[in-house]
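Colleague: My questions all concern the structure below.
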Amino acid sequence: MSLLTLETLSVTRGGRNVFHDISLQLNEGEVIGLIGPNGAGKTTLMRAALGLLPHGGRSSLAELSATDRARSVAWMPQSREIAWPVSVETVVTLGRLPHLGAGQRPGPADRAAIDRAIVGMELSHLRTRPATELSGGEQTRVLIARALAQGTPLLMADEPIAGLDPAHQIATMQTFVALAGQGQSVLVSLHDLGLAVRHCTRLLLLSEGRLVADGPPAEVMTPERIAEVFGISAWYRETEHGPVYQPLEVLR
Amino acid sequence: MTRVLVPLACVVALLFAGSLMVGPAQVGWAESLRALMGGGEGPLPMIMREIRLPRAILAVLIGGSLGLAGAAMQGYLRNPLAEPGLIGVSGSAAFGAVLALQTGFAAMFALALPLAALAGALAAVLLILALAGPRGTSLTLILAGIAISALAAAFTSLVLNLSPNPFAASEIVFWMMGSLADRSMTHVWIILPFMGVGLGLLMALGRGLDALTLGEDAAEAMGINLMRLRLMLIVGTACVVGAGTAVAGAIGFVGLVVPHLLRPLVGARPSRLLWASALGGAVMLLAADIAVRLILPERDLKLGVLTAIIGAPLFLHLIVKTRRARI
């Protein structure tokens, strides 16, 4: 079943085309990496797909009502904002908001989702701490847990692993893979091509407002394309430890 | 949650009773209570029902709504320095009242002054909705509010500047300091509908304000309609602040200090802060209004002056505390 369908989606800002004519379909059980250089339009593409930006073309998520959309997709923006010194548990509980009626308290199903997210992001020992007192990386994990607690078929995250230590970067990607194993899907923008190749089932390569490539990592990450889009060379092998992708040098 | 609300509600009830007992006419509490409940003729029931009761009710209504509006405004802007006067409604309501005092319109009938102030508040709301309307952001709301406040303050100064006699000018200045003295039940009735609408709108914001803790983008993706939320916030704040200023003049610092003081007690959750701040605002204004009557009974100490004198140092203390916590 399709979780997100984009048809000739385009966004124009200040007379400039941020991107145009992007069509794609996200299905169940995928970990999709959205990659591309700075300014390629990754964030804008995700926000437009969610219907948070005025756009041309069609996005299946933007057509839903606000409540239905919040039950279909969880969104973790790039800005790591936690405005008040609320506890970690409170932040994660916010993820259940779309499932609760006005004034309704979280029930057993909600509590279970919150606990799963907290355990999954290794936050149990921080549960009662004010989220604003945590380190940047810990706050990021809290916000990922919040998005996980929303329990939606699709999770969209804008550079969720930026600023995490290596262990938590890998653990977070593995969490996404595990979600895909349960039939959910994750669309994640990221700059670490090594982690993208290793953990994503599919990559979307965005460059100058165009979808340059869409497919399994091995098909997308050809040396010519990477040289053209990123201007780098890389070492890429299928090894006994799985695929290894190591960027090497700047070409221009 | 109830650990905070129940004690606060008890303090409100105690201070409300206290407010009914304080005044130039020295009467025992049993006697005053009998006069209030039993009624009858004579000066005492008159004092209780027409002077002290409206004063206490107005303190609860105005203090509570200022605290609530402050909590809502801080929650929406995600800034502990925000306060209900920020959107320029209190300044414009004051300008409307000042204009009524200056032109003599205020003397024409009993409710002329509050009605003129409400008209000023309405003008400010229409202006702010036009400026920071449907497609606005929190930043446009702040900027529009600053512009409207500045404009209202300039016009108020202009009226004072052109005031033909010093008596009119001093009347205006004293009115602007804010007071609950000599208000009647008619004042209560005139602001009650505005307070009802405003409190209803602001109390309904809790869910959206909680979601906004994670920023506007995240809140919107969680199904919160930000446009509707902003509209409810502006109209609700305008109702309560406009109505409050119309009958009591400008009373500052309640909406700023009360949410700030109570935030740690409710785990910083914006939705929980709404109710707590409403009760806390009522506590602060009732206490201040009792204090002005006890400190200088014969000199008519103005309520707005006292809240600023208490509020400003309290606020400084909070800043120092926050600074220490950061280090």
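Chain labels A, B, ... are given in the sequence in which chains occur in the structure tokens; within each chain residues are numbered consecutively from 1, and ligands are likewise numbered from 1 in the order shown.
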Report as CSV the residues of chain B within 6 Å of chain A, each with its shortest atom pair and distance in Å (one decimal), using only C-alpha atoms, ordered by chain and increasing residue number.
Modeller:
```
residue,atom,partner,partner_atom,distance
B:Arg78,CA,A:Ala83,CA,5.8
B:Thr213,CA,A:Ala83,CA,5.0
B:Leu214,CA,A:Ile82,CA,5.0
B:Gly215,CA,A:Glu81,CA,5.8
B:Ala221,CA,A:Ala70,CA,5.9
B:Met222,CA,A:Ala70,CA,4.9
B:Gly223,CA,A:Ala66,CA,4.5
B:Gly267,CA,A:Val86,CA,5.8
B:Ala268,CA,A:Val86,CA,5.3
```
Colleague: List the spatial neighbours of range 186-198 of chain A as a list in words - criterion: any atom at most 6 Å away, only C-alpha atoms, same-chain residues fewer than 4 positions off excluded.
Modeller: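 Listing them by chain and then by number gives Val31, Ile32, Gly33, Leu34, Ile35, Leu154, Leu155, Met156, Ala157, Asp158, Glu159, Pro217, Pro243, Tyr245 and Gln246 of chain A.
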Colleague: With distances taken over only C-alpha atoms, which residue among B:Ala181, B:Ala100, B:Gly133, B:Ala238 lies nearest Arg299 in chain B?
Modeller: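 Checking each of B:Ala181, B:Ala100, B:Gly133, B:Ala238 against Arg299 in chain B, counting only C-alpha atoms, the winner is B:Ala181.
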Colleague: What is the distance, in Å and to one decimal place, between CA of Ser149 in chain B and CA of Val173 in chain B?
Modeller: 17.3 Å
Colleague: Give the helix (DSSP H, G or I) residues of range 19-201 of chain A, as assigned by DSSP on the backbone, as a VMD selection string.
Modeller: chain A and resid 42 to 50 66 to 72 88 to 94 97 to 99 108 to 120 124 to 126 131 to 133 136 to 149 166 to 181 193 to 199
Colleague: Neighbours of Arg225 in chain A within 12 Å (only C-alpha atoms; same-chain residues fewer than 4 positions away dropped), as a PDB file with C-alpha atoms, in the first residue's frame?
Modeller:
```
ATOM      1  CA  GLY A  36      21.691  15.597  -1.725  1.00  0.00           C
ATOM      2  CA  LEU A 205      19.078  11.661  -4.685  1.00  0.00           C
ATOM      3  CA  LEU A 206      18.091  15.298  -4.950  1.00  0.00           C
ATOM      4  CA  SER A 207      20.196  17.899  -6.762  1.00  0.00           C
ATOM      5  CA  VAL A 212      18.280  12.738 -10.018  1.00  0.00           C
ATOM      6  CA  ALA A 213      17.945   9.126  -8.962  1.00  0.00           C
ATOM      7  CA  ALA A 218      23.784   0.207  -5.316  1.00  0.00           C
ATOM      8  CA  GLU A 219      21.943   1.637  -8.322  1.00  0.00           C
ATOM      9  CA  VAL A 220      21.837   5.222  -7.095  1.00  0.00           C
ATOM     10  CA  MET A 221      25.414   5.628  -5.869  1.00  0.00           C
ATOM     11  CA  VAL A 229      26.110  15.784  -7.715  1.00  0.00           C
ATOM     12  CA  PHE A 230      28.425  15.899  -4.701  1.00  0.00           C
ATOM     13  CA  GLY A 231      31.770  16.495  -6.440  1.00  0.00           C
ATOM     14  CA  ILE A 232      33.470  13.729  -4.491  1.00  0.00           C
ATOM     15  CA  SER A 233      34.993  10.331  -5.106  1.00  0.00           C
ATOM     16  CA  ALA A 234      34.235   7.339  -2.893  1.00  0.00           C
TER      17      ALA A 234
END
```
Colleague: As an exercise, work out the distance from CA of Val6 in chain B to CA of Arg127 in chain A in Å and give it to one decimal place.
Modeller: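 It comes out at 26.9 Å.
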Colleague: Range 162-165 of chain A: which residues within 9 Å, counting only C-alpha atoms, same-chain residues fewer than 4 positions away excluded, as a list in words?
Modeller: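 Contacts, with the query itself left out: Gly136, Gly137, Glu138, Thr140, Arg141, Gln169, Ile170, Leu190, His191 and Asp192 of chain A.
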Colleague: Write the residues of the preceding selection, restricted to N, CA and C atoms, as an mmCIF file, in the first residue's frame.
Modeller:
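In the end it all went to selection-v5.cif:
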```cif
data_model
loop_
_atom_site.group_PDB
_atom_site.id
_atom_site.type_symbol
_atom_site.label_atom_id
_atom_site.label_comp_id
_atom_site.auth_asym_id
_atom_site.auth_seq_id
_atom_site.Cartn_x
_atom_site.Cartn_y
_atom_site.Cartn_z
ATOM 1 N N GLY A 136 22.703 18.250 23.476
ATOM 2 C CA GLY A 136 22.067 18.347 22.161
ATOM 3 C C GLY A 136 21.707 16.989 21.583
ATOM 4 N N GLY A 137 22.647 16.035 21.687
ATOM 5 C CA GLY A 137 22.400 14.699 21.152
ATOM 6 C C GLY A 137 21.266 13.994 21.878
ATOM 7 N N GLU A 138 21.250 14.172 23.207
ATOM 8 C CA GLU A 138 20.173 13.542 23.991
ATOM 9 C C GLU A 138 18.820 14.151 23.629
ATOM 10 N N THR A 140 18.011 15.370 20.782
ATOM 11 C CA THR A 140 17.646 14.814 19.483
ATOM 12 C C THR A 140 16.985 13.453 19.650
ATOM 13 N N ARG A 141 17.568 12.632 20.534
ATOM 14 C CA ARG A 141 16.975 11.306 20.761
ATOM 15 C C ARG A 141 15.587 11.420 21.373
ATOM 16 N N GLN A 169 23.990 7.011 16.353
ATOM 17 C CA GLN A 169 23.657 7.132 14.924
ATOM 18 C C GLN A 169 23.279 5.762 14.372
ATOM 19 N N ILE A 170 24.114 4.789 14.663
ATOM 20 C CA ILE A 170 23.862 3.435 14.146
ATOM 21 C C ILE A 170 22.580 2.874 14.773
ATOM 22 N N LEU A 190 19.582 12.716 5.210
ATOM 23 C CA LEU A 190 20.837 12.603 5.947
ATOM 24 C C LEU A 190 22.025 12.927 5.055
ATOM 25 N N HIS A 191 23.129 13.275 5.696
ATOM 26 C CA HIS A 191 24.348 13.624 4.965
ATOM 27 C C HIS A 191 25.401 12.531 5.051
ATOM 28 N N ASP A 192 25.225 11.595 5.987
ATOM 29 C CA ASP A 192 26.209 10.527 6.126
ATOM 30 C C ASP A 192 25.907 9.443 5.086
#
```
Colleague: Residues near Leu143 in chain B, anyone? I mean within 12 Å using only C-alpha atoms, not counting same-chain ones fewer than 4 positions away, as a tab-separated table (two decimals) with C-alpha atoms, in the first residue's frame.
Modeller:
```tsv
chain	number	residue	atom	x	y	z
B	86	LEU	CA	2.03	42.78	24.02
B	87	ILE	CA	-0.63	42.85	21.33
B	88	GLY	CA	-1.35	46.52	22.01
B	128	ILE	CA	-3.76	43.57	14.66
B	131	LEU	CA	-1.57	43.19	10.23
B	132	ALA	CA	-0.87	39.74	11.68
B	136	GLY	CA	0.97	35.80	9.91
B	137	THR	CA	3.58	34.23	12.17
B	138	SER	CA	4.39	34.79	15.83
B	139	LEU	CA	6.97	37.37	14.74
B	147	ALA	CA	3.62	49.16	16.54
B	148	ILE	CA	0.05	49.42	17.88
B	149	SER	CA	1.25	49.89	21.48
B	150	ALA	CA	3.63	52.65	20.40
```
Colleague: Residues near Ser19 in chain B, anyone? I mean within 12 Å using only C-alpha atoms, not counting same-chain ones fewer than 6 positions away, as number ranges by chain.
Modeller: B: 11-13, 29, 32, 48, 51-60, 180-181, 282-283, 285-294
Colleague: The selected residues should be written to file as a compact mmCIF listing (two decimals), in the first residue's frame (atoms: N, CA and C atoms).
Modeller:
```txt
# COMPACT_ATOMS: atom_id res chain seq x y z
N VAL B 11 -6.72 29.67 48.38
CA VAL B 11 -6.18 31.00 48.66
C VAL B 11 -7.07 32.06 48.02
N VAL B 12 -7.56 31.78 46.79
CA VAL B 12 -8.48 32.73 46.14
C VAL B 12 -9.71 32.94 47.01
N ALA B 13 -10.29 31.84 47.52
CA ALA B 13 -11.49 31.94 48.34
C ALA B 13 -11.23 32.75 49.61
N TRP B 29 -16.67 40.62 60.91
CA TRP B 29 -16.91 39.75 59.75
C TRP B 29 -18.28 39.11 59.78
N SER B 32 -20.78 41.70 58.64
CA SER B 32 -20.70 42.00 57.20
C SER B 32 -21.29 40.87 56.38
N MET B 48 -21.65 46.54 51.43
CA MET B 48 -21.21 45.20 51.08
C MET B 48 -21.54 44.87 49.62
N ILE B 51 -20.29 48.17 46.97
CA ILE B 51 -18.92 48.67 46.95
C ILE B 51 -17.91 47.51 47.04
N ARG B 52 -18.05 46.71 48.12
CA ARG B 52 -17.02 45.70 48.35
C ARG B 52 -17.16 44.47 47.44
N LEU B 53 -18.42 44.03 47.25
CA LEU B 53 -18.61 42.82 46.43
C LEU B 53 -18.13 43.03 44.99
N PRO B 54 -18.55 44.11 44.31
CA PRO B 54 -18.05 44.30 42.95
C PRO B 54 -16.52 44.43 42.90
N ARG B 55 -15.96 45.06 43.90
CA ARG B 55 -14.52 45.24 43.94
C ARG B 55 -13.81 43.88 43.99
N ALA B 56 -14.32 42.99 44.88
CA ALA B 56 -13.70 41.67 45.01
C ALA B 56 -13.92 40.84 43.74
N ILE B 57 -15.13 40.92 43.16
CA ILE B 57 -15.41 40.16 41.94
C ILE B 57 -14.51 40.64 40.80
N LEU B 58 -14.37 41.97 40.69
CA LEU B 58 -13.53 42.50 39.61
C LEU B 58 -12.08 42.07 39.79
N ALA B 59 -11.61 42.03 41.04
CA ALA B 59 -10.22 41.60 41.27
C ALA B 59 -10.02 40.16 40.80
N VAL B 60 -11.00 39.29 41.10
CA VAL B 60 -10.89 37.89 40.66
C VAL B 60 -10.94 37.81 39.14
N LEU B 180 -9.31 49.62 41.41
CA LEU B 180 -10.62 48.95 41.50
C LEU B 180 -11.53 49.68 42.46
N ALA B 181 -11.10 50.85 42.94
CA ALA B 181 -11.90 51.58 43.92
C ALA B 181 -13.15 52.16 43.26
N ALA B 282 -5.63 35.78 40.00
CA ALA B 282 -6.68 36.23 40.92
C ALA B 282 -6.10 36.44 42.31
N VAL B 283 -5.22 35.52 42.74
CA VAL B 283 -4.57 35.66 44.05
C VAL B 283 -3.77 36.96 44.12
N LEU B 285 -3.97 39.74 42.32
CA LEU B 285 -4.70 41.00 42.26
C LEU B 285 -5.56 41.21 43.52
N LEU B 286 -6.15 40.12 44.04
CA LEU B 286 -6.91 40.25 45.29
C LEU B 286 -5.99 40.72 46.41
N ALA B 287 -4.81 40.11 46.49
CA ALA B 287 -3.87 40.47 47.55
C ALA B 287 -3.42 41.93 47.40
N ALA B 288 -3.12 42.31 46.17
CA ALA B 288 -2.67 43.69 45.94
C ALA B 288 -3.78 44.68 46.26
N ASP B 289 -5.02 44.31 45.91
CA ASP B 289 -6.13 45.23 46.15
C ASP B 289 -6.45 45.35 47.63
N ILE B 290 -6.20 44.26 48.40
CA ILE B 290 -6.35 44.36 49.85
C ILE B 290 -5.23 45.24 50.41
N ALA B 291 -4.02 45.05 49.86
CA ALA B 291 -2.85 45.79 50.34
C ALA B 291 -3.02 47.30 50.14
N VAL B 292 -3.54 47.73 48.97
CA VAL B 292 -3.66 49.17 48.76
C VAL B 292 -4.61 49.79 49.78
N ARG B 293 -5.56 49.00 50.26
CA ARG B 293 -6.51 49.53 51.23
C ARG B 293 -5.93 49.53 52.65
N LEU B 294 -4.97 48.62 52.90
CA LEU B 294 -4.40 48.53 54.24
C LEU B 294 -3.20 49.45 54.42
```
Colleague: Could you give me, as a list in words, the residues within 10 Å of His187 in chain B, counting only C-alpha atoms and dropping anything in the same chain fewer than 6 positions from it?
Modeller: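 In the requested form, the answer reads Pro54, Arg55, Leu58, Ala110, Leu111, Pro114, Ala243, Ala246, Val247 and Ala248 of chain B.
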Colleague: So that I can check the secondary structure, give me every residue of range 13-127 of chain A assigned strand (DSSP E or B) by backbone DSSP, as a list in words.
Modeller: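 Going through range 13-127 of chain A, the strand (DSSP E or B) residues come out as Arg13, Arg16, Asn17, Val18, Phe19, His20, Asp21, Ile22, Ser23, Leu24, Gln25, Leu26, Asn27, Val31, Ile32, Gly33, Leu34, Ile35, Gly56, Gly57, Arg58, Ser59, Val73, Ala74, Trp75, Met76 and Ser87 of chain A.
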Colleague: Would you mind reading off the distance between CA of His241 in chain A and CA of Glu122 in chain A, one decimal, in Å?
Modeller: 25.2 Å
Colleague: Go through B:Met108, B:Ala94, B:Leu201, B:Leu265 one by one, measure the shortest atom-to-atom distance of each to Arg3 in chain B using only C-alpha atoms, and give the residue with the smallest value.
Modeller: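 Result for the nearest residue to Arg3 in chain B: B:Leu265.
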